[in-house]
Amino acid sequence: MAKNLLEINNLTVSYGDFKIITEVSFNVKPGEIVCIAGESGCGKSTLIKAILGIKQLGAQVQEGSIILDGRDITHLGIEERRQILGTEIGYVPQNTRGSFNNIRSYDVQYKETMNCHGIKFDRGAAVKCFDRLNFPDSDRLLFRQPWEMSGGMNQRMAIGLAVLQEPKLMLCDEATSVLDVTSQKQVIEELALLRDELGWSILFITHNLGVASHIADKLGVMYAGRMVEYGDIRKVLDDPIHPYTRSLLAAIPGKDRKMPVGLEGRPPLDGAEWTGCNFVPRCKYCKESCKTKPYSLNEIEPEHFVSCAEGRNRK
Amino acid sequence: MLKYIIKRLINLIPVLIVLTLLVFLLMYLTPGDPALIRLSSQGANVTDELLAATRAEMGLDQSFFTRYFSWVGGILHGDFGMSYIDDMPIFPKLLDALMHTLALASASTVVSVMIAIPIGIFTAVKKDSIPDNIVRIFTFTGNAMPNFLIALLLMYLFCIRVRLFPVIAKGSVQGLMLPALSLSIPMISKFARQTRADVLQQLNEEYVIGMHARGVKERVILYKNVLHNALGSILTIISLQIRVLIGGSVVTEVIFRWPGVGSLIMDSIGGCDYPTVQGAVLILATLQILVNLATDISYCIIDKRIELE
Amino acid sequence: MKKEKVKMNKKQLKKARLKRKTIILGIIVLIVLVLSFFAPYFAPNDPYLTNAIAAKHPPTSEFLFGTDYLGRCVFSRVLVGARTSIFATLMLVIMSFIVGTAIGIICGYYGGAVDNIIMRITDILLSLPQLVLAIAVAGILGGSLVNTLIAIGITSWTSYARLARSHTMRIKNLPYINSCRMTGCSDFHILLTHVLPNLIGPMLVNATLEIGSTMLSIAGLSFLGLGVAPPAAEWGSMVSEGRSFLQIAPWTVFAPALSILFAVMLFNYFGESVCDLANSNEV
């Protein structure tokens, strides 16, 4: 089995004193696409922020470690971190226009970014790279400014720059959520292509299980700051075990025009602070003992971890 | 870009027409008989015949528009008319004064920009630190200072207490320092506040995070991106301040006896030499309009979106 | 969530603090206004009484800020001058506010050719050096307080007009104004009961922000001798009178000049906190 590219061990992250994620652990292997899904506010973006570790984002790692390619990057200094960002960890943010300076051309911004890592910027190589990713109008793209372009195109320019920087791990934070369906498809296809051709690992954060099922190898489901189910995507989607995963899948509108079954209530705001299962208030399988049992993620079958098996017992 | 500049130049025409009309109207509506004022300020023995002859010579018997057009026509040829006091052409005097005012204005603008922008960036990056708070108190005070207070304070400190500079500037380089400094202080306050606010706003933009995430150096983010984007509104405040600067320069020039357009205006008002006042106001207003134009064009170079509006 | 709740409380706390600050500043402004209005009644000495023997006397317990070149009590003159300086400023701000707002509302509401012409005029007036124009006007009209106000007023209404116009244009396109029109309300009624109350808030905020700079303009003009005629006490002209004696009697210059500084600082600080408060209400 290949060595893990990214290891997240028992990670606890907070904003100030307030915990957002508790005891999250998972691994990303080279060439693997891992999706993390969950409702908004469950801490999936915080996970990305913790991995990036930029101090302006405010996410502070309290416990646990983040190991990239055998190197502990949990508490890197500012300059050391800057050197690995971009070249080892790539990032495509949610806001499509936000990641570039709106009123400067891509040409200067690409060049500037590459120069900061001591890489020479080669316009021809960039255009070649655009061609490979099937960007339209590839030879003129560099001379345009972000405000002139559509959201989808800007997102793809961010991917294009990431390709030129050749990171080992790509972090995508809801990278497709604000795009229309066509652009979404293009971006996802590009990411899959990069994985196949360059052997990238991608950590993909989304609330859209449909997108996840398209490209992911592994799927993690987060609920109120905890990982409740994690494993091979087919196993998780075909045989969901945790009660929350089951309700998530039941809430997807089907082709048969059946009304999806929604989940009553809201996730607890301080879910990450609970020591026991934090799904208890909304769980229809909840037993008295659930309220006191401490949280733990157990391997129920090979490549399939889950924190609660009550659902399966009552199938 | 060229299209935008041409558009802006065409827009200048009505502005200049209204400006000249306004300045001319100012003179036209002046109480008193210009011929009488002219003759008495030259100390001539006023007789009815002389008065009538002067009136005819000055074209006072003609209609408003005839006089307006001949005045504007003269200006286009560099002829601003004759001074009431010494019957000399106004233009050379005006040109000399304008050079002095330009020297003063550009010296103080350059000094202010060079001091204020680094202060603004520094205080934005170190927001709410002790230096930031100290600078804030200074800029707040500087903002509220009347021009003459700064000028007189500087004069009191450096010319009377410590005899570092001459009291009267007389147009020398050494004499330029104090007037330029006294004009700079309120400008530094305004620019530094504006720069701080703009840089802070830019630092909160998402692209800053995006660049950090790509490993772009802090220095590059700050100077090539944040400052670049903030420059537009900094330029706007500079051009707005030129308006205040030109007004303030009158006060400062009078205090330091700097022989600029402001001094010329005040002397001419004192001597009832209205054609000179007219020419001087016209020159200063035109200067202001040109500064505005230059600002708009450079704004457009920084942010191409402006061109489309 | 919980974090947001904490943040919210912080925001509310900040707002409450801002509100308290604004109210305290407002009370101080009010006190200054009342004091300056009644200044002549508690000035320690007659501000116009000349005394050749006690001329250019440094500050003593009898003459708190010393005496000027004619032996007049500078402290009393500063007190009496406050009334002229502050009320002239307020008058000018209020007049430009009324005129500018009225023009702006009408332009914004009716649009068309008149709007076009007036807006071009404001464009042009805004691109001219205000103080130079005022100096020329005041210089030619002759120095007096009224002429000074006219000279500055020529350009000062424009910023109000532009602001009122843009607010009116925004408000008149709101759906409820259309509903009003459909129920047969007259234009006058709509302007008075719907447009005006909606824009008066931001307009007043802008007006408080303008007090400081207006005061500086008036002081500048009267310093140049284009404001109040000499015997009357007014801060700008007092500085102008004292200027020749800067070397021997600096207090005659700095007492009124610092009064202007402190008054402008007070009004600017008040204006800024009103502005901050208004902005925090919007969010």
# chains A, B, ... in the order shown; residues from 1 in each chain; ligands from 1
>>> interface_residues(of="chain C", to="chain B", cutoff="6 Å", atoms="only C-alpha atoms", output="list in words")
Ile124, Leu128, Pro129, Leu131, Val132, Gly139, Leu216, Ala257, Leu261, Val264 and Met265 of chain C
>>> interface_residues(of="chain B", to="chain A", cutoff="12 Å", atoms="only C-alpha atoms", output="PDB file with C-alpha atoms, in the first residue's frame")
ATOM      1  CA  GLN B 202      -8.124  46.086   0.447  1.00  0.00           C
ATOM      2  CA  LEU B 203      -6.469  43.873   3.060  1.00  0.00           C
ATOM      3  CA  ASN B 204      -9.904  42.472   3.878  1.00  0.00           C
ATOM      4  CA  GLU B 205     -10.536  41.517   0.262  1.00  0.00           C
ATOM      5  CA  GLU B 206     -10.570  37.832  -0.506  1.00  0.00           C
ATOM      6  CA  TYR B 207      -7.805  37.951  -3.051  1.00  0.00           C
ATOM      7  CA  VAL B 208      -5.357  38.632  -0.232  1.00  0.00           C
ATOM      8  CA  ILE B 209      -6.204  35.231   1.278  1.00  0.00           C
ATOM      9  CA  GLY B 210      -6.081  33.643  -2.170  1.00  0.00           C
ATOM     10  CA  MET B 211      -2.576  34.990  -2.687  1.00  0.00           C
ATOM     11  CA  HIS B 212      -1.404  33.886   0.731  1.00  0.00           C
ATOM     12  CA  ALA B 213      -2.746  30.431  -0.117  1.00  0.00           C
ATOM     13  CA  ARG B 214      -0.645  30.376  -3.281  1.00  0.00           C
ATOM     14  CA  GLY B 215       2.421  31.316  -1.302  1.00  0.00           C
ATOM     15  CA  VAL B 216       2.845  34.834  -2.675  1.00  0.00           C
ATOM     16  CA  LYS B 217       5.227  36.874  -0.555  1.00  0.00           C
ATOM     17  CA  GLU B 218       3.688  39.314   1.920  1.00  0.00           C
ATOM     18  CA  ARG B 219       5.707  42.139   0.373  1.00  0.00           C
ATOM     19  CA  VAL B 220       4.391  41.405  -3.113  1.00  0.00           C
ATOM     20  CA  ILE B 221       0.797  41.240  -1.875  1.00  0.00           C
ATOM     21  CA  LEU B 222       1.129  44.549  -0.068  1.00  0.00           C
ATOM     22  CA  TYR B 223       3.031  46.641  -2.586  1.00  0.00           C
ATOM     23  CA  LYS B 224       2.007  45.183  -5.916  1.00  0.00           C
ATOM     24  CA  ASN B 225      -1.616  44.359  -5.227  1.00  0.00           C
ATOM     25  CA  VAL B 226      -3.064  46.084  -2.182  1.00  0.00           C
ATOM     26  CA  LEU B 227      -1.348  49.377  -2.895  1.00  0.00           C
ATOM     27  CA  HIS B 228      -2.115  49.134  -6.600  1.00  0.00           C
ATOM     28  CA  ASN B 229      -5.814  48.719  -5.942  1.00  0.00           C
ATOM     29  CA  ALA B 230      -5.903  51.378  -3.242  1.00  0.00           C
ATOM     30  CA  LEU B 231      -4.105  53.888  -5.455  1.00  0.00           C
ATOM     31  CA  GLY B 232      -7.296  54.856  -7.287  1.00  0.00           C
ATOM     32  CA  TYR B 299      -7.329  56.347 -12.352  1.00  0.00           C
ATOM     33  CA  CYS B 300      -8.403  54.838 -15.636  1.00  0.00           C
ATOM     34  CA  ILE B 301      -4.922  53.426 -16.208  1.00  0.00           C
ATOM     35  CA  ILE B 302      -5.017  51.716 -12.810  1.00  0.00           C
ATOM     36  CA  ASP B 303      -8.549  50.358 -13.115  1.00  0.00           C
ATOM     37  CA  LYS B 304      -9.700  49.743 -16.661  1.00  0.00           C
ATOM     38  CA  ARG B 305     -13.300  49.271 -15.533  1.00  0.00           C
ATOM     39  CA  ILE B 306     -13.630  53.067 -15.329  1.00  0.00           C
ATOM     40  CA  LEU B 308     -16.540  51.442 -19.601  1.00  0.00           C
TER      41      LEU B 308
END
>>> select_by_dssp(residues="region 49-232 of chain A", states="strand (DSSP E)", output="number ranges by chain")
A: 59-68, 71-72, 89-92, 169-173, 201-206, 218-223, 226-232
>>> closest_residue(among="C:Ser259, C:Asn268, C:Gln12, C:Thr168", to="Arg77 (chain C)", atoms="only C-alpha atoms")
C:Ser259
>>> atom_distance(atom1="CA of Met227 (chain A)", atom2="CA of Val280 (chain A)")
14.8 Å
>>> interface_residues(of="chain A", to="chain C", cutoff="12 Å", atoms="only C-alpha atoms", output="PyMOL selection string")
chain A and resi 14-20+40-43+224+266-273
>>> write_last_selection(atoms="N, CA and C atoms", output="CSV table (one decimal), in the first residue's frame")
chain,number,residue,atom,x,y,z
A,14,SER,N,-10.0,25.4,16.5
A,14,SER,CA,-11.0,26.3,17.1
A,14,SER,C,-10.8,27.7,16.5
A,15,TYR,N,-11.8,28.5,16.6
A,15,TYR,CA,-11.7,30.0,16.4
A,15,TYR,C,-11.7,30.6,17.8
A,16,GLY,N,-10.6,31.2,18.1
A,16,GLY,CA,-10.5,31.7,19.5
A,16,GLY,C,-10.7,30.6,20.5
A,17,ASP,N,-11.6,30.7,21.4
A,17,ASP,CA,-11.9,29.6,22.4
A,17,ASP,C,-12.9,28.6,21.9
A,18,PHE,N,-13.5,28.9,20.8
A,18,PHE,CA,-14.7,28.1,20.4
A,18,PHE,C,-14.3,27.0,19.4
A,19,LYS,N,-14.5,25.8,19.8
A,19,LYS,CA,-14.1,24.6,19.0
A,19,LYS,C,-15.0,24.4,17.8
A,20,ILE,N,-14.5,24.2,16.7
A,20,ILE,CA,-15.3,24.0,15.5
A,20,ILE,C,-15.2,22.5,15.1
A,40,SER,N,-23.8,23.1,5.9
A,40,SER,CA,-22.9,24.2,6.2
A,40,SER,C,-22.8,24.4,7.7
A,41,GLY,N,-21.6,24.8,8.1
A,41,GLY,CA,-21.4,25.0,9.5
A,41,GLY,C,-20.9,23.7,10.2
A,42,CYS,N,-20.7,22.6,9.5
A,42,CYS,CA,-20.2,21.4,10.1
A,42,CYS,C,-18.7,21.4,10.3
A,43,GLY,N,-18.0,22.4,9.7
A,43,GLY,CA,-16.6,22.5,10.0
A,43,GLY,C,-15.7,22.0,8.8
A,224,ALA,N,-21.5,18.5,12.6
A,224,ALA,CA,-21.2,19.4,13.8
A,224,ALA,C,-19.8,19.2,14.3
A,266,ARG,N,-32.1,21.3,13.7
A,266,ARG,CA,-30.8,21.8,13.2
A,266,ARG,C,-29.6,21.2,14.0
A,267,PRO,N,-28.5,21.2,13.4
A,267,PRO,CA,-27.3,20.7,14.2
A,267,PRO,C,-27.0,21.6,15.4
A,268,PRO,N,-26.5,21.0,16.5
A,268,PRO,CA,-26.2,21.9,17.6
A,268,PRO,C,-25.1,22.8,17.3
A,269,LEU,N,-25.2,24.1,17.8
A,269,LEU,CA,-24.2,25.1,17.5
A,269,LEU,C,-22.8,24.7,18.1
A,270,ASP,N,-22.9,24.1,19.2
A,270,ASP,CA,-21.6,23.8,19.9
A,270,ASP,C,-21.3,22.3,19.9
A,271,GLY,N,-21.7,21.7,18.7
A,271,GLY,CA,-21.5,20.3,18.6
A,271,GLY,C,-20.1,19.8,18.8
A,272,ALA,N,-19.1,20.6,18.5
A,272,ALA,CA,-17.8,20.1,18.6
A,272,ALA,C,-17.3,20.1,20.1
A,273,GLU,N,-18.1,20.7,20.9
A,273,GLU,CA,-17.7,20.7,22.4
A,273,GLU,C,-18.3,19.5,23.1
>>> atom_distance(atom1="CA of Ile5 (chain B)", atom2="CA of Ala192 (chain B)")
29.4 Å
>>> select_by_dssp(residues="region 31-182 of chain C", states="alpha helix (DSSP H)", output="PyMOL selection string")
chain C and resi 31-37+39-42+74-110+112-126+130-141+145-172+175-182
>>> residues_around(residues="Val274 (chain C)", least_positions_apart="4", cutoff="10 Å", atoms="only C-alpha atoms", output="VMD selection string")
chain C and resid 18 to 19 21 to 23 25 to 26 204 to 206 208 to 209 268 to 270 278 to 280
>>> closest_residue(among="A:Ile241, A:Leu249, A:Cys277, A:Leu6", to="Gly210 (chain A)", atoms="only C-alpha atoms")
A:Leu249
>>> residues_around(residues="Val239 (chain C)", least_positions_apart="3", cutoff="10 Å", atoms="only C-alpha atoms", output="PyMOL selection string")
(chain B and resi 148-149+152) or (chain C and resi 219+222-224+234-236+242-244+246+250-258)
>>> write_last_selection(atoms="N, CA and C atoms", output="compact mmCIF listing (two decimals), in the first residue's frame")
# COMPACT_ATOMS: atom_id res chain seq x y z
N PHE B 148 -3.69 79.08 8.51
CA PHE B 148 -2.89 80.19 9.04
C PHE B 148 -2.30 79.84 10.39
N LEU B 149 -2.98 78.95 11.14
CA LEU B 149 -2.42 78.57 12.44
C LEU B 149 -1.10 77.83 12.23
N LEU B 152 1.54 80.33 10.95
CA LEU B 152 2.02 81.26 11.98
C LEU B 152 2.81 80.54 13.05
N ALA C 219 -13.01 80.95 8.46
CA ALA C 219 -11.86 81.50 9.19
C ALA C 219 -10.79 81.96 8.21
N SER C 222 -11.88 85.28 6.67
CA SER C 222 -11.81 86.44 7.55
C SER C 222 -10.36 86.72 7.94
N PHE C 223 -9.52 85.67 7.93
CA PHE C 223 -8.11 85.93 8.17
C PHE C 223 -7.54 86.83 7.08
N LEU C 224 -7.99 86.61 5.85
CA LEU C 224 -7.50 87.42 4.73
C LEU C 224 -8.11 88.82 4.74
N GLU C 234 -13.99 88.44 15.89
CA GLU C 234 -14.23 87.18 15.19
C GLU C 234 -12.89 86.49 15.13
N TRP C 235 -12.86 85.16 15.34
CA TRP C 235 -11.59 84.48 15.51
C TRP C 235 -10.61 84.71 14.35
N GLY C 236 -11.10 84.52 13.12
CA GLY C 236 -10.21 84.65 11.97
C GLY C 236 -9.62 86.05 11.87
N GLY C 242 -3.69 90.26 14.93
CA GLY C 242 -2.56 90.01 15.82
C GLY C 242 -1.29 89.62 15.10
N ARG C 243 -1.44 89.27 13.80
CA ARG C 243 -0.32 88.70 13.06
C ARG C 243 0.92 89.60 13.06
N SER C 244 0.70 90.92 12.95
CA SER C 244 1.86 91.82 12.89
C SER C 244 2.63 91.83 14.20
N LEU C 246 3.19 89.12 16.10
CA LEU C 246 3.50 87.73 16.42
C LEU C 246 4.73 87.64 17.32
N PRO C 250 2.56 86.94 20.98
CA PRO C 250 2.05 85.76 20.27
C PRO C 250 0.67 85.32 20.76
N TRP C 251 0.33 85.68 22.02
CA TRP C 251 -0.97 85.22 22.53
C TRP C 251 -2.13 85.82 21.76
N THR C 252 -1.95 87.00 21.19
CA THR C 252 -3.06 87.59 20.43
C THR C 252 -3.36 86.77 19.18
N VAL C 253 -2.37 86.03 18.70
CA VAL C 253 -2.57 85.18 17.52
C VAL C 253 -3.05 83.79 17.94
N PHE C 254 -2.35 83.22 18.92
CA PHE C 254 -2.61 81.81 19.19
C PHE C 254 -3.88 81.56 19.99
N ALA C 255 -4.34 82.51 20.78
CA ALA C 255 -5.59 82.28 21.51
C ALA C 255 -6.77 82.06 20.56
N PRO C 256 -7.03 83.00 19.63
CA PRO C 256 -8.15 82.73 18.71
C PRO C 256 -7.89 81.57 17.75
N ALA C 257 -6.62 81.43 17.30
CA ALA C 257 -6.33 80.36 16.34
C ALA C 257 -6.56 78.99 16.97
N LEU C 258 -6.11 78.82 18.22
CA LEU C 258 -6.33 77.54 18.88
C LEU C 258 -7.82 77.32 19.17
>>> residues_around(residues="Ala50 (chain A)", least_positions_apart="6", cutoff="7 Å", atoms="only C-alpha atoms", output="number ranges by chain")
A: 59-61
>>> residues_around(residues="Leu196 (chain C)", least_positions_apart="6", cutoff="12 Å", atoms="only C-alpha atoms", output="number ranges by chain")
C: 98, 101-102, 104-106, 108-109, 164-165, 167-169, 171-172, 187-190, 202-204
>>> atom_distance(atom1="CA of Ile238 (chain B)", atom2="CA of Thr123 (chain B)")
18.8 Å
>>> residues_around(residues="Asp33 (chain B)", least_positions_apart="6", cutoff="10 Å", atoms="only C-alpha atoms", output="list in words")
Leu51, Arg55 and Leu60 of chain B
>>> write_last_selection(atoms="N, CA and C atoms", output="mmCIF file, in the first residue's frame")
data_model
loop_
_atom_site.group_PDB
_atom_site.id
_atom_site.type_symbol
_atom_site.label_atom_id
_atom_site.label_comp_id
_atom_site.auth_asym_id
_atom_site.auth_seq_id
_atom_site.Cartn_x
_atom_site.Cartn_y
_atom_site.Cartn_z
ATOM 1 N N LEU B 51 -12.918 110.474 -18.492
ATOM 2 C CA LEU B 51 -13.711 109.315 -18.103
ATOM 3 C C LEU B 51 -14.375 108.689 -19.326
ATOM 4 N N ARG B 55 -13.648 105.079 -20.936
ATOM 5 C CA ARG B 55 -14.738 104.116 -21.106
ATOM 6 C C ARG B 55 -14.719 103.533 -22.513
ATOM 7 N N LEU B 60 -16.315 99.730 -22.545
ATOM 8 C CA LEU B 60 -17.405 99.581 -21.589
ATOM 9 C C LEU B 60 -18.763 99.903 -22.200
#
